[in-house]
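Below is coords-v1.cif, which holds mmCIF, C-alpha atoms and all ligand atoms.
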data_work
#
loop_
_atom_site.group_PDB
_atom_site.id
_atom_site.type_symbol
_atom_site.label_atom_id
_atom_site.label_comp_id
_atom_site.auth_asym_id
_atom_site.auth_seq_id
_atom_site.Cartn_x
_atom_site.Cartn_y
_atom_site.Cartn_z
ATOM 1 C CA MET A 1 0.000 0.000 0.000
ATOM 2 C CA ASP A 2 1.369 3.406 -0.970
ATOM 3 C CA ILE A 3 0.493 7.006 -0.319
ATOM 4 C CA ILE A 4 -2.346 8.032 -2.638
ATOM 5 C CA THR A 5 -3.780 11.337 -3.780
ATOM 6 C CA VAL A 6 -7.516 11.821 -3.955
ATOM 7 C CA LYS A 7 -8.561 15.167 -5.397
ATOM 8 C CA ASP A 8 -6.464 17.732 -3.512
ATOM 9 C CA LYS A 9 -5.466 15.570 -0.540
ATOM 10 C CA SER A 10 -2.915 12.934 0.240
ATOM 11 C CA PHE A 11 -3.768 9.784 2.216
ATOM 12 C CA LYS A 12 -1.510 7.144 3.731
ATOM 13 C CA PRO A 13 -2.228 3.437 4.366
ATOM 14 C CA TYR A 14 -4.007 2.878 7.669
ATOM 15 C CA ILE A 15 -5.913 -0.419 7.967
ATOM 16 C CA SER A 16 -4.953 -3.356 5.764
ATOM 17 C CA GLU A 17 -7.444 -5.534 3.945
ATOM 18 C CA GLU A 18 -6.431 -8.419 6.182
ATOM 19 C CA ASP A 19 -7.118 -6.500 9.418
ATOM 20 C CA LEU A 20 -10.421 -5.231 8.037
ATOM 21 C CA GLN A 21 -11.556 -8.739 7.161
ATOM 22 C CA ALA A 22 -10.587 -9.999 10.628
ATOM 23 C CA SER A 23 -12.765 -7.248 12.189
ATOM 24 C CA VAL A 24 -15.642 -8.075 9.879
ATOM 25 C CA ARG A 25 -15.461 -11.765 10.862
ATOM 26 C CA LYS A 26 -15.353 -10.815 14.558
ATOM 27 C CA VAL A 27 -18.566 -8.761 14.222
ATOM 28 C CA ALA A 28 -20.257 -11.505 12.176
ATOM 29 C CA SER A 29 -19.455 -14.167 14.716
ATOM 30 C CA LYS A 30 -20.940 -12.110 17.583
ATOM 31 C CA ILE A 31 -24.103 -11.491 15.576
ATOM 32 C CA ASN A 32 -24.343 -15.183 14.613
ATOM 33 C CA ASN A 33 -24.140 -16.032 18.275
ATOM 34 C CA ASP A 34 -26.675 -13.429 19.467
ATOM 35 C CA TYR A 35 -29.385 -14.155 16.885
ATOM 36 C CA LYS A 36 -29.265 -17.960 16.815
ATOM 37 C CA ASP A 37 -33.022 -18.273 17.123
ATOM 38 C CA GLY A 38 -34.109 -15.204 15.198
ATOM 39 C CA THR A 39 -34.571 -13.949 11.651
ATOM 40 C CA PRO A 40 -33.103 -10.437 11.762
ATOM 41 C CA ILE A 41 -33.373 -7.799 9.044
ATOM 42 C CA PHE A 42 -29.975 -6.330 8.130
ATOM 43 C CA LEU A 43 -30.467 -2.700 7.115
ATOM 44 C CA GLY A 44 -27.424 -1.244 5.346
ATOM 45 C CA ILE A 45 -27.085 2.523 5.544
ATOM 46 C CA LEU A 46 -26.102 3.876 2.152
ATOM 47 C CA ASN A 47 -23.788 4.853 0.664
ATOM 48 C CA GLY A 48 -20.845 4.122 2.921
ATOM 49 C CA SER A 49 -21.772 0.697 4.290
ATOM 50 C CA PHE A 50 -21.938 -1.220 1.010
ATOM 51 C CA MET A 51 -18.533 -2.957 1.240
ATOM 52 C CA PHE A 52 -18.743 -3.778 4.938
ATOM 53 C CA PHE A 53 -22.324 -4.933 4.418
ATOM 54 C CA GLY A 54 -21.354 -7.322 1.603
ATOM 55 C CA ASP A 55 -18.427 -8.847 3.466
ATOM 56 C CA LEU A 56 -20.347 -9.040 6.750
ATOM 57 C CA LEU A 57 -23.284 -10.835 5.194
ATOM 58 C CA LYS A 58 -20.980 -13.431 3.613
ATOM 59 C CA SER A 59 -20.034 -14.490 7.134
ATOM 60 C CA ILE A 60 -23.563 -14.466 8.557
ATOM 61 C CA ASP A 61 -25.009 -17.953 8.778
ATOM 62 C CA LEU A 62 -28.454 -17.024 10.108
ATOM 63 C CA GLU A 63 -31.786 -16.982 8.362
ATOM 64 C CA CYS A 64 -32.119 -13.261 7.597
ATOM 65 C CA THR A 65 -33.332 -10.662 5.127
ATOM 66 C CA VAL A 66 -31.437 -7.625 3.825
ATOM 67 C CA SER A 67 -32.407 -4.150 2.761
ATOM 68 C CA PHE A 68 -30.786 -0.738 2.285
ATOM 69 C CA ILE A 69 -31.822 2.661 3.545
ATOM 70 C CA LYS A 70 -30.613 6.205 3.260
ATOM 71 C CA LEU A 71 -31.135 9.202 5.499
ATOM 72 C CA ALA A 72 -31.815 12.282 3.444
ATOM 73 C CA SER A 73 -31.787 15.653 5.143
ATOM 74 C CA TYR A 74 -33.243 18.820 3.739
ATOM 75 C CA GLU A 75 -34.117 22.255 5.070
ATOM 76 C CA GLY A 76 -37.673 22.442 6.357
ATOM 77 C CA THR A 77 -40.015 25.089 5.026
ATOM 78 C CA ASN A 78 -40.719 26.430 8.506
ATOM 79 C CA SER A 79 -38.537 27.433 11.395
ATOM 80 C CA THR A 80 -37.830 23.926 12.640
ATOM 81 C CA GLY A 81 -34.698 23.713 10.474
ATOM 82 C CA GLU A 82 -33.342 20.404 9.248
ATOM 83 C CA VAL A 83 -35.800 17.592 8.527
ATOM 84 C CA ASN A 84 -34.726 13.999 8.081
ATOM 85 C CA GLU A 85 -36.432 11.531 5.846
ATOM 86 C CA LEU A 86 -35.838 7.834 5.526
ATOM 87 C CA ILE A 87 -35.552 6.606 1.938
ATOM 88 C CA GLY A 88 -35.813 3.017 0.810
ATOM 89 C CA LEU A 89 -37.585 1.159 3.575
ATOM 90 C CA LYS A 90 -40.423 -0.726 1.907
ATOM 91 C CA GLU A 91 -41.014 -3.576 4.328
ATOM 92 C CA ASN A 92 -43.106 -3.546 7.463
ATOM 93 C CA ILE A 93 -40.672 -3.814 10.365
ATOM 94 C CA GLU A 94 -43.237 -4.021 13.137
ATOM 95 C CA GLY A 95 -42.219 -6.717 15.614
ATOM 96 C CA LYS A 96 -38.969 -7.438 13.730
ATOM 97 C CA ASP A 97 -35.368 -7.499 14.914
ATOM 98 C CA ILE A 98 -33.320 -4.888 13.063
ATOM 99 C CA ILE A 99 -29.556 -4.714 12.731
ATOM 100 C CA LEU A 100 -28.481 -1.339 11.352
ATOM 101 C CA VAL A 101 -25.194 -1.604 9.467
ATOM 102 C CA GLU A 102 -23.011 1.550 9.371
ATOM 103 C CA ASP A 103 -19.587 2.154 7.854
ATOM 104 C CA ILE A 104 -18.481 4.491 10.627
ATOM 105 C CA VAL A 105 -19.958 6.121 13.698
ATOM 106 C CA ASP A 106 -18.536 9.594 14.166
ATOM 107 C CA THR A 107 -20.711 12.117 16.070
ATOM 108 C CA GLY A 108 -23.531 9.554 16.251
ATOM 109 C CA ASN A 109 -26.101 11.960 14.754
ATOM 110 C CA THR A 110 -26.985 9.600 11.906
ATOM 111 C CA LEU A 111 -27.559 6.553 14.032
ATOM 112 C CA VAL A 112 -29.600 8.407 16.664
ATOM 113 C CA LYS A 113 -31.875 9.902 13.988
ATOM 114 C CA LEU A 114 -32.311 6.529 12.301
ATOM 115 C CA HIS A 115 -33.009 4.874 15.618
ATOM 116 C CA GLU A 116 -35.670 7.492 16.375
ATOM 117 C CA ILE A 117 -37.396 7.015 13.008
ATOM 118 C CA LEU A 118 -37.252 3.212 13.124
ATOM 119 C CA SER A 119 -38.488 3.030 16.731
ATOM 120 C CA LYS A 120 -41.689 4.764 15.636
ATOM 121 C CA LYS A 121 -42.249 1.896 13.210
ATOM 122 C CA LYS A 122 -42.403 -0.452 16.201
ATOM 123 C CA ALA A 123 -39.495 -2.760 15.493
ATOM 124 C CA ARG A 124 -39.065 -5.333 18.274
ATOM 125 C CA SER A 125 -35.370 -4.536 18.643
ATOM 126 C CA ILE A 126 -32.846 -2.291 16.909
ATOM 127 C CA LYS A 127 -29.128 -2.938 17.204
ATOM 128 C CA ILE A 128 -26.228 -1.123 15.597
ATOM 129 C CA ALA A 129 -23.260 -2.732 13.856
ATOM 130 C CA THR A 130 -20.484 -0.470 12.637
ATOM 131 C CA LEU A 131 -17.144 -1.277 11.080
ATOM 132 C CA LEU A 132 -15.405 1.781 12.557
ATOM 133 C CA TYR A 133 -16.124 3.880 15.623
ATOM 134 C CA LYS A 134 -14.512 7.173 16.685
ATOM 135 C CA PRO A 135 -15.056 7.321 20.480
ATOM 136 C CA GLU A 136 -13.489 10.810 20.754
ATOM 137 C CA ALA A 137 -15.993 12.248 18.279
ATOM 138 C CA TYR A 138 -19.070 10.438 19.621
ATOM 139 C CA LYS A 139 -21.508 12.883 21.231
ATOM 140 C CA LYS A 140 -24.420 10.581 22.046
ATOM 141 C CA HIS A 141 -25.173 8.095 24.791
ATOM 142 C CA HIS A 142 -26.821 5.467 22.660
ATOM 143 C CA PRO A 143 -25.000 2.126 22.953
ATOM 144 C CA ILE A 144 -23.270 0.775 19.860
ATOM 145 C CA ASP A 145 -23.748 -2.951 19.934
ATOM 146 C CA TYR A 146 -21.165 -4.273 17.465
ATOM 147 C CA VAL A 147 -17.923 -2.441 16.653
ATOM 148 C CA GLY A 148 -15.311 -3.726 14.218
ATOM 149 C CA MET A 149 -12.551 -1.294 15.262
ATOM 150 C CA GLU A 150 -12.182 1.860 17.308
ATOM 151 C CA ILE A 151 -10.099 4.586 15.657
ATOM 152 C CA PRO A 152 -8.896 8.076 16.665
ATOM 153 C CA ASN A 153 -10.715 11.170 15.442
ATOM 154 C CA ASP A 154 -8.984 11.236 12.035
ATOM 155 C CA PHE A 155 -10.474 11.404 8.562
ATOM 156 C CA VAL A 156 -10.351 8.024 6.848
ATOM 157 C CA LEU A 157 -11.021 6.881 3.309
ATOM 158 C CA GLY A 158 -11.698 3.628 1.434
ATOM 159 C CA TYR A 159 -13.694 0.403 1.860
ATOM 160 C CA GLY A 160 -16.938 2.341 1.306
ATOM 161 C CA LEU A 161 -15.848 5.592 2.941
ATOM 162 C CA ASP A 162 -15.385 8.593 0.670
ATOM 163 C CA TYR A 163 -13.731 11.941 0.330
ATOM 164 C CA ASP A 164 -16.061 14.107 -1.729
ATOM 165 C CA GLY A 165 -17.589 11.007 -3.310
ATOM 166 C CA LEU A 166 -14.232 9.462 -4.226
ATOM 167 C CA GLY A 167 -12.287 6.525 -2.827
ATOM 168 C CA ARG A 168 -15.169 4.251 -1.864
ATOM 169 C CA ASN A 169 -13.813 1.487 -4.113
ATOM 170 C CA LEU A 170 -10.484 1.103 -2.275
ATOM 171 C CA SER A 171 -10.245 -2.319 -0.639
ATOM 172 C CA SER A 172 -8.379 -1.066 2.428
ATOM 173 C CA ILE A 173 -8.537 2.069 4.575
ATOM 174 C CA TYR A 174 -6.342 5.158 4.298
ATOM 175 C CA VAL A 175 -5.985 8.158 6.592
ATOM 176 C CA LEU A 176 -5.394 11.803 5.767
ATOM 177 C CA ASN A 177 -1.674 12.464 5.527
ATOM 178 C CA ASP A 178 -0.985 15.910 6.979
HETATM 179 P P1 LIG A 201 -22.144 10.774 12.161
HETATM 180 O O1 LIG A 201 -23.598 11.051 11.905
HETATM 181 O O2 LIG A 201 -21.406 12.015 12.589
HETATM 182 O O3 LIG A 201 -21.904 9.618 13.113
HETATM 183 O O4 LIG A 201 -21.453 10.457 10.785
HETATM 184 C C1 LIG A 201 -21.711 9.346 10.072
HETATM 185 C C2 LIG A 201 -21.342 9.521 8.616
HETATM 186 O O5 LIG A 201 -20.340 10.535 8.377
HETATM 187 C C3 LIG A 201 -20.737 8.227 8.145
HETATM 188 O O6 LIG A 201 -21.721 7.307 7.742
HETATM 189 C C4 LIG A 201 -19.839 8.696 7.013
HETATM 190 O O7 LIG A 201 -20.571 8.764 5.827
HETATM 191 C C5 LIG A 201 -19.396 10.090 7.418
HETATM 192 N N1 LIG A 201 -18.043 10.069 8.036
HETATM 193 C C6 LIG A 201 -17.719 10.233 9.328
HETATM 194 N N2 LIG A 201 -16.390 10.144 9.525
HETATM 195 C C7 LIG A 201 -15.847 9.907 8.304
HETATM 196 C C8 LIG A 201 -14.473 9.703 7.849
HETATM 197 O O8 LIG A 201 -13.492 9.706 8.602
HETATM 198 N N3 LIG A 201 -14.330 9.491 6.508
HETATM 199 C C9 LIG A 201 -15.373 9.458 5.631
HETATM 200 N N4 LIG A 201 -16.656 9.637 6.023
HETATM 201 C C10 LIG A 201 -16.895 9.869 7.354
#
Can the structure from this file be put into structure tokens for me?
Ligand code: IMP
Amino acid sequence: MDIITVKDKSFKPYISEEDLQASVRKVASKINNDYKDGTPIFLGILNGSFMFFGDLLKSIDLECTVSFIKLASYEGTNSTGEVNELIGLKENIEGKDIILVEDIVDTGNTLVKLHEILSKKKARSIKIATLLYKPEAYKKHHPIDYVGMEIPNDFVLGYGLDYDGLGRNLSSIYVLND
């Protein structure tokens, strides 16, 4: 792995493909163990989770269904400011066990909003699985159930994560080289 340039920034190798895959298998094995008797719905949060989601699901040996969602935010027309809307969820999740799959948890805003929206749809349980977690940036108190790796508060790229839309296709993770 070498230093790479994406747009105007330089990134250096950070997490190898091998270490990533070991983390993915660790998360999968915990989930396999916790849901032995259930049929969870894996909900991938787009766009960033697509690579983690694919690799994770290859190591899941449970009966399960999969779907993808996206949180779109737009400015409200009144004074309440930002409004969040969930895109993509077609199935009825009432009484179901949900596993939300994130690429990275940073401030935690995304997962708390998603949790709020999904709770209103009366899921039986909602758990969070994330490949990466930045504890120093996390501002919420909501527990994160499955974490692949904790990382410092640095900007990372690759394996689904982007810089201005670029770099998602890299098979390992890079960090900003400053
Ligand atoms: P949060 O709502 O602050 O937890 O941010 C979650 C989203 O921000 C992730 O799903 C990513 O899309 C993006 N994000 C946070 N940190 C990084 C990073 O280091 N690199 C690329 N994207 C990031």
Per-residue nearest contacts of chain A to ligand LIG 201 (chain A) (6 Å; only C-alpha atoms and all ligand atoms) as JSON lines:
{"residue": "A:Gly48", "atom": "CA", "partner": "A:LIG201", "partner_atom": "O7", "distance": 5.5}
{"residue": "A:Asp103", "atom": "CA", "partner": "A:LIG201", "partner_atom": "O6", "distance": 5.6}
{"residue": "A:Ile104", "atom": "CA", "partner": "A:LIG201", "partner_atom": "C3", "distance": 5.0}
{"residue": "A:Val105", "atom": "CA", "partner": "A:LIG201", "partner_atom": "O3", "distance": 4.0}
{"residue": "A:Asp106", "atom": "CA", "partner": "A:LIG201", "partner_atom": "O3", "distance": 3.5}
{"residue": "A:Thr107", "atom": "CA", "partner": "A:LIG201", "partner_atom": "O2", "distance": 3.6}
{"residue": "A:Gly108", "atom": "CA", "partner": "A:LIG201", "partner_atom": "O3", "distance": 3.5}
{"residue": "A:Asn109", "atom": "CA", "partner": "A:LIG201", "partner_atom": "O1", "distance": 3.9}
{"residue": "A:Thr110", "atom": "CA", "partner": "A:LIG201", "partner_atom": "O1", "distance": 3.7}
{"residue": "A:Asp154", "atom": "CA", "partner": "A:LIG201", "partner_atom": "O8", "distance": 5.9}
{"residue": "A:Phe155", "atom": "CA", "partner": "A:LIG201", "partner_atom": "O8", "distance": 3.5}
{"residue": "A:Val156", "atom": "CA", "partner": "A:LIG201", "partner_atom": "O8", "distance": 4.0}
{"residue": "A:Leu157", "atom": "CA", "partner": "A:LIG201", "partner_atom": "N3", "distance": 5.3}
{"residue": "A:Leu161", "atom": "CA", "partner": "A:LIG201", "partner_atom": "C9", "distance": 4.7}
{"residue": "A:Asp162", "atom": "CA", "partner": "A:LIG201", "partner_atom": "C9", "distance": 5.0}
**Coordinates-based distance that separates atom CA of Glu94 of chain A from atom CA of Ser59 of chain A (Å, one decimal)** =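 Spanning atom CA of Ser59 of chain A to atom CA of Glu94 of chain A is a straight-line distance of 26.2 Å.
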**Request:** Rank nothing, just name the residue among A:Val175, A:Leu62, A:Ile3, A:Ile98 nearest to Lys122 of chain A, using only C-alpha atoms.
**Result:**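 Among the listed residues, A:Ile98 lies closest to Lys122 of chain A.
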**Prompt:** Restricting the calculation to only C-alpha atoms, which member of A:Val101, A:Ala72, A:Leu176, A:Ile31 is positioned closest to Asn153 of chain A?
**Reply:**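 Once distances to Asn153 of chain A are computed over only C-alpha atoms, the minimum belongs to A:Leu176.
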**Output of the PyMOL selection byres (((chain A and resi 128) around 10) and not hetatm), listed as number ranges by chain** = A: 42-43, 98-102, 105, 111, 115, 126-127, 129-130, 142-147
**Using only C-alpha atoms: which of A:Lys134, A:Lys96, A:Arg25, A:Lys9 has the shortest distance to Leu118 of chain A** =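 Answer, going by the shortest atom-to-atom distance: A:Lys96.
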**Asked** For the atom pair atom CA of Asn32 of chain A and atom CA of Leu57 of chain A, what is the interatomic distance in Å to one decimal place?
**Response**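 Atom CA of Leu57 of chain A lies at a distance of 10.4 Å from atom CA of Asn32 of chain A.
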Evaluate the PyMOL selection byres (((chain A and resi 47) around 10) and not hetatm) against this structure - the residues, as a tab-separated table (two decimals) with C-alpha atoms, in the frame of the given file, please.
chain	number	residue	atom	x	y	z
A	44	GLY	CA	-27.42	-1.24	5.35
A	45	ILE	CA	-27.08	2.52	5.54
A	46	LEU	CA	-26.10	3.88	2.15
A	48	GLY	CA	-20.84	4.12	2.92
A	49	SER	CA	-21.77	0.70	4.29
A	50	PHE	CA	-21.94	-1.22	1.01
A	51	MET	CA	-18.53	-2.96	1.24
A	68	PHE	CA	-30.79	-0.74	2.28
A	69	ILE	CA	-31.82	2.66	3.54
A	70	LYS	CA	-30.61	6.20	3.26
A	71	LEU	CA	-31.14	9.20	5.50
A	102	GLU	CA	-23.01	1.55	9.37
A	103	ASP	CA	-19.59	2.15	7.85
A	160	GLY	CA	-16.94	2.34	1.31
A	161	LEU	CA	-15.85	5.59	2.94
A	162	ASP	CA	-15.38	8.59	0.67
A	165	GLY	CA	-17.59	11.01	-3.31
A	168	ARG	CA	-15.17	4.25	-1.86
Starting from 4 Å padding per side, set up an axis-aligned box that covers all listed atoms of segment 122-131 of chain A and hand over centre and edge lengths in Å, one decimal, as JSON.
{"center_x": -29.8, "center_y": -2.9, "center_z": 14.9, "size_x": 33.3, "size_y": 12.9, "size_z": 15.6}
**Message:** From the options A:Asn92, A:Leu170, A:Val24, A:Asn84, which residue's atoms come nearest to Ile60 of chain A, counting all atoms listed in the file?
**Reply:**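 Of all the options, A:Val24 lies closest to Ile60 of chain A.
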**Asked** Separation of atom CA of Leu114 of chain A and atom CA of Tyr163 of chain A, in Å?
**Response**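 Between atom CA of Leu114 of chain A and atom CA of Tyr163 of chain A the gap works out to 22.8 Å.
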**Message:** Just checking: using only C-alpha atoms, which residue out of A:Glu17, A:Asp8, A:Asp2, A:Glu63 ends up closest to Asp37 of chain A?
**Reply:**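 Checking each of A:Glu17, A:Asp8, A:Asp2, A:Glu63 against Asp37 of chain A, counting only C-alpha atoms, the winner is A:Glu63.
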**Message:** I need the output of the PyMOL selection byres (((chain A and resi 177) around 6) and not hetatm) for this file as a list in words; which residues are they?
**Reply:**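 Selected by the PyMOL selection byres (((chain A and resi 177) around 6) and not hetatm) in this file: Ser10, Phe11, Lys12, Leu176 and Asp178 of chain A.
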**Prompt:** With only C-alpha atoms as the atoms that count, which of A:Met149, A:Leu56, A:Asp61, A:Ile117 lies nearest to Glu85 of chain A?
**Reply:**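 Going through A:Met149, A:Leu56, A:Asp61, A:Ile117 one by one, the smallest distance to Glu85 of chain A is for A:Ile117.
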**Request:** Please provide as a PyMOL selection string all residues within 7 Å of Ser172 of chain A, with the sequence filter that same-chain residues fewer than 5 positions apart are discarded (counting all atoms listed in the file).
**Result:** chain A and resi 15-17+158-159
**Test item: residues at most 10 Å from Gly95 of chain A, only C-alpha atoms, excluding those fewer than 5 positions along its chain, as a list of chain:residue names** =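 Listed by chain and then number, they are A:Lys121, A:Lys122, A:Ala123, A:Arg124, A:Ser125.
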